[in-house]
Amino acid sequence: MHYLLALILSISFLTTTAHASNSSEGCDNNSGCIEVGRWDIGIALGYGEKSNPLKDFDDIPLYAIPTIAYYGDQWFFDNGNIGYTLTEGENYTINLVGTFSTDRAFFYRWDPSNIFLLKGNSVERATTRGPTIMAASSEPEIDTSELANRNFTYLGGAEAFLYTRFGIVKASVAHDLFNVHNGTEAQLKWLYNIPLDSWNFEFAAVLDWKSEQVVDYYYGIRPSESPYWSEMYQAESALNQSIEFTGQYVLTENWNLLLVARYTDIADAIVDSPLVEKDYTTTYFVGAAYRF
Amino acid sequence: MLSLTKKLFLCFIFCSVLSGYAVADEDEEEPLAASLSLSPEICITSADEETCNTEVVLGWELLHDRPICILSDYKELKKWCNSSPDVNSLAVNISANKDIQFVMIDKDTHETLAGVKLKVTQASSPQVRRRYRNPWSLF
């Protein structure tokens, strides 16, 4: 948590010279608002990489990040998330929302999380390291090419935003809608937006909680995959911690330069899985973004 | 001898005929002595520009030729008069941020003959709302 604390403290100094974007002022590519009834479509081209914490799975190179959103008076679609605004005031918003888990993206190329994060290669198992996990010399191996399906599911729940002078606080909770894992995810996020002339910086600190069912479904071991590890690894609920940074420089009305970075500290309950070899995942992307 | 019901019925028919005749008589209005038209009638400014810049054309028809004057609350056209029966339109360059009222009067009697209004309206700004996701979120 040290880096979260450091981030919060450092950004607090900036509060004297900048203010949190509360979205209602103007609506260009650099602000947190969107025109009602109009599709917002864009694509960022450049290079980046999303590290894969799974054993035997390759990191994911990034060449393009599309964005697509549509906001009606109350309904909205935003990069795969579907929501309905129940109530909104000057300082708060409460939405019903449908979203999806990001964990499956480490296993499958065409997971929706990866659709909005196009990449050059699929999420492939690394061939240079062999097709199996060598957990320990005395422990049985898991053939990662024979893993059972981790199916896609959609989560439905609610989210609330508080808009304060110290940034935006988001709290959300969502439950599996399709009985895939019957799990629940919750998120607490703090983000701070600093517009400076043609620049816009957004910092965020995120806590992602996943119930035992979610962790077990994605990172647990089925008896068919390894009877030994299905007994040895018992999934528990997990709390991932992330920091995010998005920097944009406005070149023209349509073109922005873009730098996006994210670091996630993966919870021990997940790292303990024999499928996972890193206790963190990083993502970065540098490029130019075009909004149509 | 007519029954009371029939008397009332005939009375109703008779009164209806009279009233219909009277209404028809009221509907026969005399042609207007003059008419004034404007094209265009509405000037829409862009959302970020409040001023309407356009050329409008005033046109008029008179039942009887007579000298007229056109008055307006537009600063560049306080009063314009014409006595020629061959002239029946006037082009005016407008730069305004509010409605303009034009009135045509008889030059000699100052009788008001007709009037039109140019409506200046600002295009409504697009409605916006908060966006709840960073468009470039990497999840």
# chains A, B, ... in the order shown; residues from 1 in each chain; ligands from 1

$ closest_atom_pairs --of "chain B" --to "chain A" --cutoff "6 Å" --atoms "only C-alpha atoms" --output "JSON lines"
{"residue": "B:Gln127", "atom": "CA", "partner": "A:Val36", "partner_atom": "CA", "distance": 5.6}
{"residue": "B:Val128", "atom": "CA", "partner": "A:Glu35", "partner_atom": "CA", "distance": 4.2}
{"residue": "B:Arg129", "atom": "CA", "partner": "A:Cys33", "partner_atom": "CA", "distance": 5.5}
{"residue": "B:Arg130", "atom": "CA", "partner": "A:Cys33", "partner_atom": "CA", "distance": 4.3}
{"residue": "B:Arg131", "atom": "CA", "partner": "A:Cys33", "partner_atom": "CA", "distance": 4.6}
{"residue": "B:Pro135", "atom": "CA", "partner": "A:Thr67", "partner_atom": "CA", "distance": 5.8}

$ write_last_selection --atoms "N, CA and C atoms" --output "PDB file, in the first residue's frame"
ATOM      1  N   GLN B 127     -26.485  18.807 -25.621  1.00  0.00           N
ATOM      2  CA  GLN B 127     -26.601  18.380 -24.228  1.00  0.00           C
ATOM      3  C   GLN B 127     -25.469  17.420 -23.901  1.00  0.00           C
ATOM      4  N   VAL B 128     -24.852  17.638 -22.789  1.00  0.00           N
ATOM      5  CA  VAL B 128     -23.753  16.762 -22.388  1.00  0.00           C
ATOM      6  C   VAL B 128     -24.034  16.190 -21.006  1.00  0.00           C
ATOM      7  N   ARG B 129     -23.363  15.117 -20.685  1.00  0.00           N
ATOM      8  CA  ARG B 129     -23.496  14.543 -19.354  1.00  0.00           C
ATOM      9  C   ARG B 129     -22.157  13.943 -18.950  1.00  0.00           C
ATOM     10  N   ARG B 130     -22.062  13.559 -17.714  1.00  0.00           N
ATOM     11  CA  ARG B 130     -20.823  12.969 -17.229  1.00  0.00           C
ATOM     12  C   ARG B 130     -20.528  11.660 -17.938  1.00  0.00           C
ATOM     13  N   ARG B 131     -19.268  11.440 -18.189  1.00  0.00           N
ATOM     14  CA  ARG B 131     -18.853  10.135 -18.690  1.00  0.00           C
ATOM     15  C   ARG B 131     -18.230   9.387 -17.521  1.00  0.00           C
ATOM     16  N   PRO B 135     -12.069   6.842 -21.458  1.00  0.00           N
ATOM     17  CA  PRO B 135     -12.172   6.220 -22.785  1.00  0.00           C
ATOM     18  C   PRO B 135     -10.980   5.358 -23.136  1.00  0.00           C
TER      19      PRO B 135
END

$ residues_around --residues "Asp86 in chain B" --least-positions-apart "5" --cutoff "12 Å" --atoms "only C-alpha atoms" --output "list in words"
Trp60, Glu61, Leu62, Asp65, Arg66 and Pro67 of chain B

$ residues_around --residues "Val57 in chain B" --least-positions-apart "2" --cutoff "10 Å" --atoms "only C-alpha atoms" --output "PDB file with C-alpha atoms, in the first residue's frame"
ATOM      1  CA  SER B  37     -43.414  39.704 -45.819  1.00  0.00           C
ATOM      2  CA  LEU B  38     -39.905  38.832 -44.730  1.00  0.00           C
ATOM      3  CA  SER B  39     -37.481  36.240 -45.981  1.00  0.00           C
ATOM      4  CA  PRO B  40     -35.992  34.567 -44.076  1.00  0.00           C
ATOM      5  CA  GLU B  41     -38.108  35.015 -40.979  1.00  0.00           C
ATOM      6  CA  GLU B  55     -29.380  39.493 -45.632  1.00  0.00           C
ATOM      7  CA  GLY B  59     -41.515  42.495 -49.623  1.00  0.00           C
ATOM      8  CA  SER B  89     -39.042  45.006 -51.870  1.00  0.00           C
ATOM      9  CA  LEU B  90     -36.074  46.007 -49.787  1.00  0.00           C
ATOM     10  CA  ALA B  91     -32.922  44.011 -49.005  1.00  0.00           C
ATOM     11  CA  VAL B  92     -31.289  44.685 -45.659  1.00  0.00           C
ATOM     12  CA  ASN B  93     -28.027  43.333 -44.283  1.00  0.00           C
TER      13      ASN B  93
END

$ closest_residue --among "A:Ala148, A:Val286, A:Ala267, A:Leu155" --to "Ile82 in chain A" --atoms "only C-alpha atoms"
A:Leu155

$ residues_around --residues "Ser242 in chain A" --least-positions-apart "5" --cutoff "10 Å" --atoms "only C-alpha atoms" --output "list in words"
Met1, Tyr3, Leu4, Lys189, Ala204, Ala205, Val206, Leu207, Asp208, Arg262, Tyr263, Thr264, Asp265, Ile266, Tyr280, Thr281 and Thr282 of chain A

$ atom_distance --atom1 "CA of Val120 in chain B" --atom2 "CA of Leu77 in chain B"
16.5 Å

$ residues_around --residues "Gly115 in chain B" --least-positions-apart "5" --cutoff "7 Å" --atoms "only C-alpha atoms" --output "ChimeraX atom specification"
/B:36,102-104

$ residues_around --residues "Asn53 in chain B" --least-positions-apart "4" --cutoff "9 Å" --atoms "only C-alpha atoms" --output "list in words"
Cys43, Thr45, Asn93, Ile94, Ser95, Ala96 and Asn97 of chain B

$ residues_around --residues "range 211-220 of chain A" --least-positions-apart "6" --cutoff "6 Å" --atoms "only C-alpha atoms" --output "short mmCIF file (atom, residue, chain, number, x, y, z; two decimals) with N, CA and C atoms, in the first residue's frame"
data_model
loop_
_atom_site.label_atom_id
_atom_site.label_comp_id
_atom_site.auth_asym_id
_atom_site.auth_seq_id
_atom_site.Cartn_x
_atom_site.Cartn_y
_atom_site.Cartn_z
N HIS A 181 -19.82 -18.45 -12.41
CA HIS A 181 -19.06 -18.73 -11.18
C HIS A 181 -19.80 -18.29 -9.93
N GLY A 183 -19.99 -15.61 -8.55
CA GLY A 183 -19.18 -14.77 -7.67
C GLY A 183 -19.55 -13.31 -7.72
N THR A 184 -18.90 -12.56 -6.89
CA THR A 184 -19.16 -11.13 -6.77
C THR A 184 -17.84 -10.37 -6.84
N ALA A 235 -8.92 -21.69 -3.12
CA ALA A 235 -9.09 -20.27 -3.42
C ALA A 235 -9.77 -19.54 -2.26
N GLU A 236 -9.40 -18.30 -2.13
CA GLU A 236 -10.04 -17.42 -1.15
C GLU A 236 -10.34 -16.09 -1.84
N SER A 237 -11.14 -15.28 -1.20
CA SER A 237 -11.41 -13.96 -1.76
C SER A 237 -10.10 -13.17 -1.81
N SER A 273 -2.04 -19.43 -6.47
CA SER A 273 -2.48 -20.41 -7.47
C SER A 273 -1.29 -20.93 -8.26
#
